>>> print(open('structure-v2.cif').read())   # mmCIF, C-alpha atoms and all ligand atoms
data_entry
#
loop_
_atom_site.label_atom_id
_atom_site.label_comp_id
_atom_site.auth_asym_id
_atom_site.auth_seq_id
_atom_site.Cartn_x
_atom_site.Cartn_y
_atom_site.Cartn_z
CA MET A 1301 27.72 12.95 -17.82
CA ALA A 1302 28.18 9.41 -16.47
CA PRO A 1303 26.72 6.66 -18.71
CA PRO A 1304 23.16 5.64 -17.88
CA VAL A 1305 22.11 2.12 -17.00
CA VAL A 1306 19.32 0.35 -18.87
CA VAL A 1307 17.00 -2.19 -17.25
CA ALA A 1308 14.55 -4.50 -19.01
CA LEU A 1309 11.69 -5.24 -16.62
CA GLY A 1310 9.83 -8.37 -17.77
CA GLY A 1311 6.08 -7.85 -18.04
CA SER A 1312 5.43 -10.90 -15.84
CA LEU A 1313 6.87 -8.90 -12.91
CA LEU A 1314 3.99 -6.39 -13.13
CA HIS A 1315 1.31 -9.03 -13.40
CA PRO A 1316 2.21 -11.87 -11.02
CA ASP A 1317 -0.44 -14.33 -9.87
CA GLU A 1318 -0.42 -13.11 -6.29
CA ASP A 1319 -1.66 -9.83 -4.73
CA GLU A 1320 1.76 -8.40 -3.84
CA ARG A 1321 2.18 -6.47 -7.07
CA HIS A 1322 1.63 -3.02 -5.55
CA VAL A 1323 4.31 -3.73 -2.97
CA TRP A 1324 6.65 -4.76 -5.77
CA LEU A 1325 5.93 -1.62 -7.80
CA GLN A 1326 6.42 0.54 -4.72
CA GLU A 1327 9.79 -1.12 -4.04
CA ILE A 1328 10.86 -0.60 -7.65
CA CYS A 1329 9.95 3.11 -7.44
CA ALA A 1330 11.90 3.45 -4.17
CA ILE A 1331 14.98 1.72 -5.64
CA ILE A 1332 14.90 3.96 -8.72
CA SER A 1333 14.36 7.04 -6.58
CA ASP A 1334 17.48 6.16 -4.52
CA TYR A 1335 19.43 5.36 -7.67
CA VAL A 1336 18.79 8.72 -9.37
CA GLN A 1337 19.30 10.74 -6.17
CA SER A 1338 22.99 11.28 -6.95
CA GLY A 1339 22.26 12.39 -10.55
CA SER A 1340 22.42 8.95 -12.23
CA ARG A 1341 20.23 8.24 -15.25
CA ILE A 1342 18.25 5.11 -16.03
CA GLY A 1343 16.32 3.75 -19.01
CA LEU A 1344 13.54 1.30 -18.19
CA VAL A 1345 12.05 -0.96 -20.87
CA ILE A 1346 8.87 -2.72 -19.80
CA GLY A 1347 7.61 -6.04 -21.16
CA GLY A 1348 4.04 -7.03 -22.02
CA GLY A 1349 3.34 -9.88 -19.54
CA ALA A 1350 -0.23 -11.07 -19.05
CA PRO A 1351 -1.94 -8.23 -21.00
CA ALA A 1352 0.23 -9.04 -24.04
CA ARG A 1353 -0.52 -12.76 -23.88
CA GLU A 1354 -4.24 -12.13 -23.34
CA ALA A 1355 -4.54 -9.61 -26.19
CA ILE A 1356 -2.48 -11.77 -28.60
CA SER A 1357 -4.65 -14.81 -27.84
CA LEU A 1358 -7.81 -12.73 -28.43
CA ALA A 1359 -6.53 -11.51 -31.81
CA LYS A 1360 -4.94 -14.80 -32.98
CA PRO A 1361 -7.97 -16.58 -34.48
CA LEU A 1362 -8.65 -13.54 -36.68
CA VAL A 1363 -5.15 -12.17 -37.26
CA THR A 1364 -2.65 -14.55 -38.83
CA ASP A 1365 0.10 -12.10 -39.77
CA VAL A 1366 2.95 -12.38 -37.21
CA SER A 1367 3.83 -8.67 -37.46
CA ALA A 1368 0.22 -7.71 -36.80
CA LEU A 1369 0.19 -9.89 -33.66
CA ASP A 1370 3.50 -8.30 -32.64
CA GLU A 1371 1.77 -4.89 -32.89
CA VAL A 1372 -0.83 -6.14 -30.40
CA GLY A 1373 2.01 -7.21 -28.06
CA ILE A 1374 3.73 -3.83 -28.48
CA ALA A 1375 0.53 -2.01 -27.45
CA ALA A 1376 0.50 -4.08 -24.24
CA THR A 1377 4.15 -3.26 -23.47
CA ARG A 1378 3.34 0.46 -23.83
CA LEU A 1379 0.36 0.10 -21.52
CA ASN A 1380 2.62 -1.48 -18.88
CA ALA A 1381 5.27 1.19 -19.51
CA THR A 1382 2.63 3.86 -18.90
CA VAL A 1383 1.80 2.30 -15.51
CA VAL A 1384 5.47 2.35 -14.45
CA SER A 1385 6.03 5.85 -15.87
CA GLN A 1386 3.02 7.31 -14.06
CA ALA A 1387 4.03 5.60 -10.79
CA LEU A 1388 7.50 7.19 -11.03
CA ILE A 1389 6.02 10.61 -11.92
CA ALA A 1390 3.67 10.29 -8.91
CA ALA A 1391 6.77 9.64 -6.77
CA GLY A 1392 8.05 13.07 -7.85
CA LEU A 1393 10.89 11.84 -10.07
CA ASP A 1394 12.28 13.43 -13.25
CA VAL A 1395 10.66 11.16 -15.84
CA CYS A 1396 10.49 11.87 -19.59
CA PRO A 1397 6.80 12.60 -20.33
CA GLY A 1398 5.13 10.10 -22.66
CA ILE A 1399 6.43 6.74 -23.88
CA PRO A 1400 9.12 7.03 -26.61
CA SER A 1401 8.36 4.78 -29.56
CA ASP A 1402 11.97 4.19 -30.67
CA VAL A 1403 15.36 3.87 -28.99
CA VAL A 1404 16.88 6.93 -30.72
CA SER A 1405 14.31 9.29 -29.22
CA ALA A 1406 14.49 7.43 -25.89
CA ALA A 1407 18.29 7.88 -25.79
CA ARG A 1408 17.87 11.57 -26.67
CA ALA A 1409 15.29 11.96 -23.89
CA LEU A 1410 17.82 10.48 -21.45
CA SER A 1411 20.01 13.53 -21.97
CA HIS A 1412 17.15 15.77 -20.73
CA HIS A 1413 15.61 13.56 -18.04
CA GLN A 1414 16.99 11.21 -15.41
CA ILE A 1415 14.45 8.51 -16.20
CA VAL A 1416 13.02 7.28 -19.49
CA VAL A 1417 10.38 4.54 -19.55
CA MET A 1418 9.44 2.79 -22.77
CA GLY A 1419 7.92 -0.42 -24.09
CA GLY A 1420 8.22 -2.07 -27.49
CA THR A 1421 9.21 -0.37 -30.74
CA SER A 1422 8.56 -2.39 -33.90
CA PRO A 1423 7.57 -5.97 -34.80
CA GLY A 1424 10.13 -8.75 -34.98
CA HIS A 1425 11.70 -8.83 -31.51
CA THR A 1426 10.85 -8.42 -27.81
CA THR A 1427 11.52 -5.74 -25.21
CA ASP A 1428 14.80 -7.48 -24.22
CA ASN A 1429 16.13 -6.45 -27.61
CA VAL A 1430 14.70 -2.93 -27.20
CA ALA A 1431 16.51 -2.60 -23.84
CA ILE A 1432 19.80 -3.83 -25.35
CA ARG A 1433 19.39 -1.45 -28.32
CA LEU A 1434 18.64 1.45 -25.97
CA ALA A 1435 21.73 0.58 -23.89
CA ILE A 1436 23.85 0.65 -27.08
CA GLU A 1437 22.29 3.90 -28.32
CA ALA A 1438 22.68 5.63 -24.94
CA ASN A 1439 26.25 4.32 -24.42
CA ALA A 1440 25.28 2.45 -21.26
CA ASP A 1441 27.93 0.22 -19.66
CA ILE A 1442 25.49 -2.63 -19.05
CA CYS A 1443 21.95 -3.79 -19.70
CA ILE A 1444 20.26 -5.53 -16.78
CA VAL A 1445 17.48 -7.97 -17.67
CA ALA A 1446 15.15 -8.40 -14.70
CA THR A 1447 12.90 -11.39 -15.32
CA ASN A 1448 11.06 -14.18 -13.48
CA VAL A 1449 13.89 -16.71 -13.28
CA ASP A 1450 16.81 -16.41 -10.87
CA LYS A 1451 19.62 -17.09 -13.37
CA VAL A 1452 20.38 -18.26 -16.87
CA TYR A 1453 20.30 -22.07 -16.90
CA GLU A 1454 22.33 -24.34 -19.17
CA LYS A 1455 18.96 -25.69 -20.45
CA ASP A 1456 15.30 -24.74 -19.86
CA PRO A 1457 14.57 -25.39 -16.14
CA ARG A 1458 10.81 -25.57 -16.92
CA GLN A 1459 11.50 -28.67 -19.02
CA PHE A 1460 14.58 -30.18 -17.37
CA GLU A 1461 14.69 -30.68 -13.60
CA ASP A 1462 18.44 -31.25 -13.66
CA ALA A 1463 19.18 -27.93 -15.46
CA ARG A 1464 22.08 -26.15 -13.72
CA PRO A 1465 22.11 -22.38 -13.08
CA ILE A 1466 25.07 -20.32 -14.33
CA ASP A 1467 26.63 -17.49 -12.27
CA SER A 1468 29.00 -16.09 -14.86
CA MET A 1469 29.37 -16.62 -18.60
CA THR A 1470 30.33 -14.92 -21.88
CA LEU A 1471 27.94 -13.53 -24.50
CA SER A 1472 28.98 -16.38 -26.83
CA ASP A 1473 28.11 -18.95 -24.12
CA LEU A 1474 24.71 -17.26 -23.82
CA GLN A 1475 24.19 -17.40 -27.57
CA GLN A 1476 24.84 -21.16 -27.49
CA ILE A 1477 21.93 -21.45 -25.05
CA VAL A 1478 19.39 -19.04 -26.61
CA GLY A 1479 20.14 -19.97 -30.20
CA PRO A 1480 20.48 -17.93 -33.41
CA PRO A 1481 18.98 -14.40 -33.70
CA VAL A 1482 15.52 -15.21 -35.01
CA HIS A 1483 12.13 -13.96 -33.81
CA GLY A 1484 9.83 -16.62 -32.33
CA LYS A 1485 6.07 -16.31 -32.63
CA ALA A 1486 4.36 -13.28 -31.02
CA GLY A 1487 4.18 -13.59 -27.25
CA SER A 1488 6.61 -16.52 -26.93
CA SER A 1489 9.64 -16.14 -24.71
CA GLY A 1490 12.91 -17.77 -23.62
CA VAL A 1491 15.22 -16.41 -20.90
CA ILE A 1492 16.38 -13.57 -23.17
CA ASP A 1493 15.64 -12.59 -26.77
CA PRO A 1494 18.33 -14.12 -29.07
CA ILE A 1495 18.08 -11.04 -31.33
CA GLY A 1496 19.14 -8.89 -28.38
CA VAL A 1497 21.99 -11.29 -27.56
CA GLN A 1498 23.31 -10.87 -31.10
CA ALA A 1499 23.13 -7.05 -30.74
CA ALA A 1500 25.03 -7.26 -27.43
CA ILE A 1501 27.71 -9.40 -29.14
CA ASP A 1502 27.96 -6.97 -32.06
CA HIS A 1503 28.40 -3.97 -29.72
CA ASP A 1504 30.40 -5.53 -26.83
CA LEU A 1505 27.67 -4.83 -24.30
CA PRO A 1506 27.81 -6.80 -21.02
CA LEU A 1507 24.48 -8.08 -19.66
CA ALA A 1508 23.13 -9.16 -16.29
CA VAL A 1509 20.14 -11.47 -15.82
CA LEU A 1510 18.43 -11.60 -12.44
CA ASP A 1511 15.12 -12.33 -10.73
CA GLY A 1512 13.25 -9.02 -10.72
CA ARG A 1513 10.73 -10.33 -8.17
CA GLU A 1514 13.59 -10.07 -5.63
CA THR A 1515 13.99 -6.31 -5.77
CA ALA A 1516 17.11 -6.29 -3.55
CA ARG A 1517 18.95 -8.14 -6.33
CA LEU A 1518 18.09 -5.42 -8.82
CA GLU A 1519 19.22 -2.78 -6.34
CA SER A 1520 22.58 -4.54 -5.90
CA ALA A 1521 23.13 -4.88 -9.65
CA LEU A 1522 22.21 -1.21 -10.22
CA THR A 1523 24.69 0.03 -7.65
CA GLY A 1524 27.45 -2.22 -8.98
CA SER A 1525 27.47 -4.48 -5.89
CA PRO A 1526 27.69 -8.27 -6.17
CA PHE A 1527 24.20 -9.60 -7.00
CA GLU A 1528 22.53 -12.96 -7.20
CA GLY A 1529 21.92 -13.70 -10.87
CA THR A 1530 24.02 -14.31 -13.99
CA SER A 1531 26.75 -11.91 -15.10
CA ILE A 1532 27.37 -12.05 -18.84
CA ARG A 1533 30.66 -10.58 -19.95
CA VAL A 1534 31.89 -9.68 -23.41
CA GLY A 1535 33.56 -12.57 -25.21
P1 LIG A 1601 7.68 -8.80 -24.46
O1 LIG A 1601 8.90 -8.04 -24.58
O2 LIG A 1601 6.90 -8.76 -23.20
O3 LIG A 1601 7.99 -10.29 -24.90
O4 LIG A 1601 6.71 -8.39 -25.64
P2 LIG A 1601 8.02 -11.70 -24.20
O5 LIG A 1601 9.44 -12.11 -24.14
O6 LIG A 1601 7.07 -12.51 -25.05
O7 LIG A 1601 7.41 -11.55 -22.75
P3 LIG A 1601 8.08 -11.52 -21.28
O8 LIG A 1601 9.37 -10.76 -21.36
O9 LIG A 1601 8.27 -12.96 -20.91
O10 LIG A 1601 7.02 -10.79 -20.47
C1 LIG A 1601 5.45 -9.06 -25.87
C2 LIG A 1601 5.29 -9.33 -27.34
O11 LIG A 1601 5.15 -8.06 -28.03
C3 LIG A 1601 5.81 -8.13 -29.30
C4 LIG A 1601 6.32 -9.55 -29.45
O12 LIG A 1601 5.30 -10.30 -30.08
C5 LIG A 1601 6.48 -10.01 -28.00
O13 LIG A 1601 6.43 -11.41 -27.87
N1 LIG A 1601 6.90 -7.07 -29.37
C6 LIG A 1601 7.36 -6.48 -28.22
C7 LIG A 1601 7.39 -6.67 -30.60
O14 LIG A 1601 7.02 -7.21 -31.64
N2 LIG A 1601 8.34 -5.65 -30.63
C8 LIG A 1601 8.78 -5.04 -29.52
O15 LIG A 1601 9.62 -4.10 -29.63
C9 LIG A 1601 8.30 -5.48 -28.28
#
>>> encode(input="structure-v2.cif", output="structure tokens", more="lines below")
Ligand code: UTP
Amino acid sequence: MAPPVVVALGGSLLHPDEDERHVWLQEICAIISDYVQSGSRIGLVIGGGAPAREAISLAKPLVTDVSALDEVGIAATRLNATVVSQALIAAGLDVCPGIPSDVVSAARALSHHQIVVMGGTSPGHTTDNVAIRLAIEANADICIVATNVDKVYEKDPRQFEDARPIDSMTLSDLQQIVGPPVHGKAGSSGVIDPIGVQAAIDHDLPLAVLDGRETARLESALTGSPFEGTSIRVG
């Protein structure tokens, strides 16, 4: 069996501000349908986006424990994962029923189904790390992180107008940018979870970061064609 590919789909992609989200979800289903047509397998890990932020902010004045707030975020990621899973099932694809709650069972499910969709697992990290862990567990060649920025930047482009985008870099270069492997507060996010970057370094897993709003870029990366985004090689 050829190795599967794992894709982290940022929750912000499912809940954009504009009304085009059904079009986006339809395109994602079509791309995945094409991808699995030849027998390929794919693991999809879905982020929490707006429902996670909303639920965490509702709980925050009453719940001070970071792990407890993480649990609220995890519930939102699984809600979003259920939406994607049901959309793929409705498209007639071979999707693992239910949402696996850990990467070991998700990797196992990938040997019985072409598609596995999951959200978060346990407190202390984000779904980027879950996707990277699933890629390692399932012996994937690469983990693609589809998010709402076009590339990794040398510094935060939301804060620095002169931040330059990077086309190609090593995992160590990426770690210099995202910082040491520590969990921020529930619901906070940088370009990619530093805990996941450390796991990728430890297991020699290449990554790709791209703008998931531009579905053609995800399609290119999935099929191994040149794509617009950042390629992150081992080193
Ligand atoms: P996300 O993976 O969506 O995190 O999980 P994010 O980086 O904040 O959001 P995006 O990618 O920009 O949309 C939402 C929150 O759920 C908790 C964390 O608090 C995270 O910030 N979470 C998620 C966990 O604690 N463990 C998990 O496995 C997943």
>>> closest_residue(input="structure-v2.cif", among="A:Val1363, A:Cys1443, A:Met1418, A:Ala1407", to="ligand LIG 1601 (chain A)", atoms="all atoms listed in the file")
A:Met1418
>>> residues_near_ligand(input="structure-v2.cif", ligand="ligand LIG 1601 (chain A)", cutoff="8 Å", atoms="all atoms listed in the file", output="PDB file with C-alpha atoms, in the coordinates of the input")
ATOM      1  CA  LEU A1309      11.690  -5.240 -16.620  1.00  0.00           C
ATOM      2  CA  GLY A1310       9.830  -8.370 -17.770  1.00  0.00           C
ATOM      3  CA  GLY A1311       6.080  -7.850 -18.040  1.00  0.00           C
ATOM      4  CA  SER A1312       5.430 -10.900 -15.840  1.00  0.00           C
ATOM      5  CA  LEU A1313       6.870  -8.900 -12.910  1.00  0.00           C
ATOM      6  CA  ILE A1346       8.870  -2.720 -19.800  1.00  0.00           C
ATOM      7  CA  GLY A1347       7.610  -6.040 -21.160  1.00  0.00           C
ATOM      8  CA  GLY A1348       4.040  -7.030 -22.020  1.00  0.00           C
ATOM      9  CA  GLY A1349       3.340  -9.880 -19.540  1.00  0.00           C
ATOM     10  CA  ALA A1350      -0.230 -11.070 -19.050  1.00  0.00           C
ATOM     11  CA  ALA A1352       0.230  -9.040 -24.040  1.00  0.00           C
ATOM     12  CA  ARG A1353      -0.520 -12.760 -23.880  1.00  0.00           C
ATOM     13  CA  VAL A1366       2.950 -12.380 -37.210  1.00  0.00           C
ATOM     14  CA  SER A1367       3.830  -8.670 -37.460  1.00  0.00           C
ATOM     15  CA  LEU A1369       0.190  -9.890 -33.660  1.00  0.00           C
ATOM     16  CA  ASP A1370       3.500  -8.300 -32.640  1.00  0.00           C
ATOM     17  CA  GLU A1371       1.770  -4.890 -32.890  1.00  0.00           C
ATOM     18  CA  VAL A1372      -0.830  -6.140 -30.400  1.00  0.00           C
ATOM     19  CA  GLY A1373       2.010  -7.210 -28.060  1.00  0.00           C
ATOM     20  CA  ILE A1374       3.730  -3.830 -28.480  1.00  0.00           C
ATOM     21  CA  ALA A1375       0.530  -2.010 -27.450  1.00  0.00           C
ATOM     22  CA  ALA A1376       0.500  -4.080 -24.240  1.00  0.00           C
ATOM     23  CA  THR A1377       4.150  -3.260 -23.470  1.00  0.00           C
ATOM     24  CA  GLY A1419       7.920  -0.420 -24.090  1.00  0.00           C
ATOM     25  CA  GLY A1420       8.220  -2.070 -27.490  1.00  0.00           C
ATOM     26  CA  THR A1421       9.210  -0.370 -30.740  1.00  0.00           C
ATOM     27  CA  SER A1422       8.560  -2.390 -33.900  1.00  0.00           C
ATOM     28  CA  PRO A1423       7.570  -5.970 -34.800  1.00  0.00           C
ATOM     29  CA  GLY A1424      10.130  -8.750 -34.980  1.00  0.00           C
ATOM     30  CA  HIS A1425      11.700  -8.830 -31.510  1.00  0.00           C
ATOM     31  CA  THR A1426      10.850  -8.420 -27.810  1.00  0.00           C
ATOM     32  CA  THR A1427      11.520  -5.740 -25.210  1.00  0.00           C
ATOM     33  CA  ASP A1428      14.800  -7.480 -24.220  1.00  0.00           C
ATOM     34  CA  ASN A1429      16.130  -6.450 -27.610  1.00  0.00           C
ATOM     35  CA  VAL A1430      14.700  -2.930 -27.200  1.00  0.00           C
ATOM     36  CA  THR A1447      12.900 -11.390 -15.320  1.00  0.00           C
ATOM     37  CA  GLY A1484       9.830 -16.620 -32.330  1.00  0.00           C
ATOM     38  CA  LYS A1485       6.070 -16.310 -32.630  1.00  0.00           C
ATOM     39  CA  ALA A1486       4.360 -13.280 -31.020  1.00  0.00           C
ATOM     40  CA  GLY A1487       4.180 -13.590 -27.250  1.00  0.00           C
ATOM     41  CA  SER A1488       6.610 -16.520 -26.930  1.00  0.00           C
ATOM     42  CA  SER A1489       9.640 -16.140 -24.710  1.00  0.00           C
ATOM     43  CA  GLY A1490      12.910 -17.770 -23.620  1.00  0.00           C
ATOM     44  CA  VAL A1491      15.220 -16.410 -20.900  1.00  0.00           C
ATOM     45  CA  ILE A1492      16.380 -13.570 -23.170  1.00  0.00           C
ATOM     46  CA  ASP A1493      15.640 -12.590 -26.770  1.00  0.00           C
TER      47      ASP A1493
END
>>> residues_around(input="structure-v2.cif", residues="A:Ser1340", least_positions_apart="5", cutoff="10 Å", atoms="all atoms listed in the file", output="PyMOL selection string")
chain A and resi 1301-1305+1332+1334-1335+1414-1415
>>> atom_distance(input="structure-v2.cif", atom1="atom CA of A:Leu1344", atom2="atom CA of A:Val1445")
10.1 Å
>>> closest_residue(input="structure-v2.cif", among="A:Leu1505, A:Val1383, A:Leu1518, A:Val1417", to="A:Val1395", atoms="all atoms listed in the file")
A:Val1417
>>> closest_residue(input="structure-v2.cif", among="A:Glu1519, A:Val1384, A:Met1469, A:Val1403", to="A:Arg1321", atoms="only C-alpha atoms")
A:Val1384
>>> atom_distance(input="structure-v2.cif", atom1="atom CA of A:Ala1431", atom2="atom CA of A:Val1345")
5.6 Å
>>> atom_distance(input="structure-v2.cif", atom1="atom CA of A:Arg1513", atom2="atom CA of A:Gly1529")
12.0 Å
>>> residues_near_point(input="structure-v2.cif", point="(24.9, -16.9, -14.8)", cutoff="8 Å", atoms="only C-alpha atoms", output="JSON, numbers by chain")
{"A": [1451, 1452, 1453, 1465, 1466, 1467, 1468, 1469, 1509, 1529, 1530, 1531, 1532]}
>>> build_atoms(input="structure-v2.cif", residues="stretch 1313-1337 of chain A", atoms="N, CA, C and O atoms", output="PDB file, keeping the file's coordinate frame")
ATOM      1  N   LEU A1313       6.605  -9.461 -14.241  1.00  0.00           N
ATOM      2  CA  LEU A1313       6.870  -8.900 -12.910  1.00  0.00           C
ATOM      3  C   LEU A1313       5.726  -7.984 -12.471  1.00  0.00           C
ATOM      4  O   LEU A1313       5.409  -7.893 -11.291  1.00  0.00           O
ATOM      5  N   LEU A1314       5.095  -7.304 -13.453  1.00  0.00           N
ATOM      6  CA  LEU A1314       3.990  -6.390 -13.130  1.00  0.00           C
ATOM      7  C   LEU A1314       2.689  -7.121 -12.903  1.00  0.00           C
ATOM      8  O   LEU A1314       1.778  -6.578 -12.295  1.00  0.00           O
ATOM      9  N   HIS A1315       2.593  -8.314 -13.455  1.00  0.00           N
ATOM     10  CA  HIS A1315       1.310  -9.030 -13.400  1.00  0.00           C
ATOM     11  C   HIS A1315       1.525 -10.436 -12.840  1.00  0.00           C
ATOM     12  O   HIS A1315       1.264 -11.420 -13.523  1.00  0.00           O
ATOM     13  N   PRO A1316       2.018 -10.543 -11.604  1.00  0.00           N
ATOM     14  CA  PRO A1316       2.210 -11.870 -11.020  1.00  0.00           C
ATOM     15  C   PRO A1316       0.846 -12.456 -10.617  1.00  0.00           C
ATOM     16  O   PRO A1316      -0.157 -11.741 -10.637  1.00  0.00           O
ATOM     17  N   ASP A1317       0.835 -13.719 -10.244  1.00  0.00           N
ATOM     18  CA  ASP A1317      -0.440 -14.330  -9.870  1.00  0.00           C
ATOM     19  C   ASP A1317      -0.925 -13.859  -8.506  1.00  0.00           C
ATOM     20  O   ASP A1317      -2.100 -13.838  -8.218  1.00  0.00           O
ATOM     21  N   GLU A1318       0.012 -13.467  -7.652  1.00  0.00           N
ATOM     22  CA  GLU A1318      -0.420 -13.110  -6.290  1.00  0.00           C
ATOM     23  C   GLU A1318      -0.748 -11.609  -6.156  1.00  0.00           C
ATOM     24  O   GLU A1318      -0.611 -10.845  -7.115  1.00  0.00           O
ATOM     25  N   ASP A1319      -1.159 -11.205  -4.936  1.00  0.00           N
ATOM     26  CA  ASP A1319      -1.660  -9.830  -4.730  1.00  0.00           C
ATOM     27  C   ASP A1319      -0.578  -8.832  -4.351  1.00  0.00           C
ATOM     28  O   ASP A1319      -0.875  -7.693  -4.039  1.00  0.00           O
ATOM     29  N   GLU A1320       0.686  -9.260  -4.349  1.00  0.00           N
ATOM     30  CA  GLU A1320       1.760  -8.400  -3.840  1.00  0.00           C
ATOM     31  C   GLU A1320       2.267  -7.389  -4.865  1.00  0.00           C
ATOM     32  O   GLU A1320       3.276  -6.729  -4.646  1.00  0.00           O
ATOM     33  N   ARG A1321       1.581  -7.246  -5.975  1.00  0.00           N
ATOM     34  CA  ARG A1321       2.180  -6.470  -7.070  1.00  0.00           C
ATOM     35  C   ARG A1321       2.343  -4.988  -6.749  1.00  0.00           C
ATOM     36  O   ARG A1321       3.278  -4.361  -7.232  1.00  0.00           O
ATOM     37  N   HIS A1322       1.448  -4.432  -5.891  1.00  0.00           N
ATOM     38  CA  HIS A1322       1.630  -3.020  -5.550  1.00  0.00           C
ATOM     39  C   HIS A1322       2.878  -2.821  -4.695  1.00  0.00           C
ATOM     40  O   HIS A1322       3.580  -1.822  -4.822  1.00  0.00           O
ATOM     41  N   VAL A1323       3.111  -3.795  -3.825  1.00  0.00           N
ATOM     42  CA  VAL A1323       4.310  -3.730  -2.970  1.00  0.00           C
ATOM     43  C   VAL A1323       5.549  -3.749  -3.856  1.00  0.00           C
ATOM     44  O   VAL A1323       6.477  -2.962  -3.684  1.00  0.00           O
ATOM     45  N   TRP A1324       5.511  -4.645  -4.839  1.00  0.00           N
ATOM     46  CA  TRP A1324       6.650  -4.760  -5.770  1.00  0.00           C
ATOM     47  C   TRP A1324       6.881  -3.441  -6.508  1.00  0.00           C
ATOM     48  O   TRP A1324       8.007  -2.945  -6.570  1.00  0.00           O
ATOM     49  N   LEU A1325       5.793  -2.854  -7.028  1.00  0.00           N
ATOM     50  CA  LEU A1325       5.930  -1.620  -7.800  1.00  0.00           C
ATOM     51  C   LEU A1325       6.442  -0.473  -6.917  1.00  0.00           C
ATOM     52  O   LEU A1325       7.276   0.335  -7.331  1.00  0.00           O
ATOM     53  N   GLN A1326       5.969  -0.476  -5.679  1.00  0.00           N
ATOM     54  CA  GLN A1326       6.420   0.540  -4.720  1.00  0.00           C
ATOM     55  C   GLN A1326       7.929   0.386  -4.444  1.00  0.00           C
ATOM     56  O   GLN A1326       8.664   1.364  -4.407  1.00  0.00           O
ATOM     57  N   GLU A1327       8.353  -0.868  -4.279  1.00  0.00           N
ATOM     58  CA  GLU A1327       9.790  -1.120  -4.040  1.00  0.00           C
ATOM     59  C   GLU A1327      10.628  -0.687  -5.238  1.00  0.00           C
ATOM     60  O   GLU A1327      11.695  -0.097  -5.085  1.00  0.00           O
ATOM     61  N   ILE A1328      10.131  -0.990  -6.434  1.00  0.00           N
ATOM     62  CA  ILE A1328      10.860  -0.600  -7.650  1.00  0.00           C
ATOM     63  C   ILE A1328      10.996   0.923  -7.708  1.00  0.00           C
ATOM     64  O   ILE A1328      12.074   1.461  -7.987  1.00  0.00           O
ATOM     65  N   CYS A1329       9.908   1.639  -7.413  1.00  0.00           N
ATOM     66  CA  CYS A1329       9.950   3.110  -7.440  1.00  0.00           C
ATOM     67  C   CYS A1329      10.961   3.625  -6.406  1.00  0.00           C
ATOM     68  O   CYS A1329      11.716   4.573  -6.690  1.00  0.00           O
ATOM     69  N   ALA A1330      10.980   3.008  -5.225  1.00  0.00           N
ATOM     70  CA  ALA A1330      11.900   3.450  -4.170  1.00  0.00           C
ATOM     71  C   ALA A1330      13.359   3.209  -4.584  1.00  0.00           C
ATOM     72  O   ALA A1330      14.236   4.073  -4.384  1.00  0.00           O
ATOM     73  N   ILE A1331      13.614   2.053  -5.204  1.00  0.00           N
ATOM     74  CA  ILE A1331      14.980   1.720  -5.640  1.00  0.00           C
ATOM     75  C   ILE A1331      15.444   2.721  -6.715  1.00  0.00           C
ATOM     76  O   ILE A1331      16.571   3.222  -6.690  1.00  0.00           O
ATOM     77  N   ILE A1332      14.538   3.028  -7.642  1.00  0.00           N
ATOM     78  CA  ILE A1332      14.900   3.960  -8.720  1.00  0.00           C
ATOM     79  C   ILE A1332      15.088   5.358  -8.167  1.00  0.00           C
ATOM     80  O   ILE A1332      16.020   6.080  -8.534  1.00  0.00           O
ATOM     81  N   SER A1333      14.246   5.731  -7.221  1.00  0.00           N
ATOM     82  CA  SER A1333      14.360   7.040  -6.580  1.00  0.00           C
ATOM     83  C   SER A1333      15.748   7.168  -5.899  1.00  0.00           C
ATOM     84  O   SER A1333      16.448   8.175  -6.067  1.00  0.00           O
ATOM     85  N   ASP A1334      16.152   6.140  -5.166  1.00  0.00           N
ATOM     86  CA  ASP A1334      17.480   6.160  -4.520  1.00  0.00           C
ATOM     87  C   ASP A1334      18.584   6.235  -5.573  1.00  0.00           C
ATOM     88  O   ASP A1334      19.560   6.959  -5.429  1.00  0.00           O
ATOM     89  N   TYR A1335      18.391   5.442  -6.653  1.00  0.00           N
ATOM     90  CA  TYR A1335      19.430   5.360  -7.670  1.00  0.00           C
ATOM     91  C   TYR A1335      19.687   6.704  -8.355  1.00  0.00           C
ATOM     92  O   TYR A1335      20.826   7.063  -8.626  1.00  0.00           O
ATOM     93  N   VAL A1336      18.608   7.461  -8.628  1.00  0.00           N
ATOM     94  CA  VAL A1336      18.790   8.720  -9.370  1.00  0.00           C
ATOM     95  C   VAL A1336      19.120   9.908  -8.451  1.00  0.00           C
ATOM     96  O   VAL A1336      19.448  10.993  -8.941  1.00  0.00           O
ATOM     97  N   GLN A1337      19.057   9.665  -7.143  1.00  0.00           N
ATOM     98  CA  GLN A1337      19.300  10.740  -6.170  1.00  0.00           C
ATOM     99  C   GLN A1337      20.634  11.473  -6.411  1.00  0.00           C
ATOM    100  O   GLN A1337      20.727  12.680  -6.313  1.00  0.00           O
TER     101      GLN A1337
END
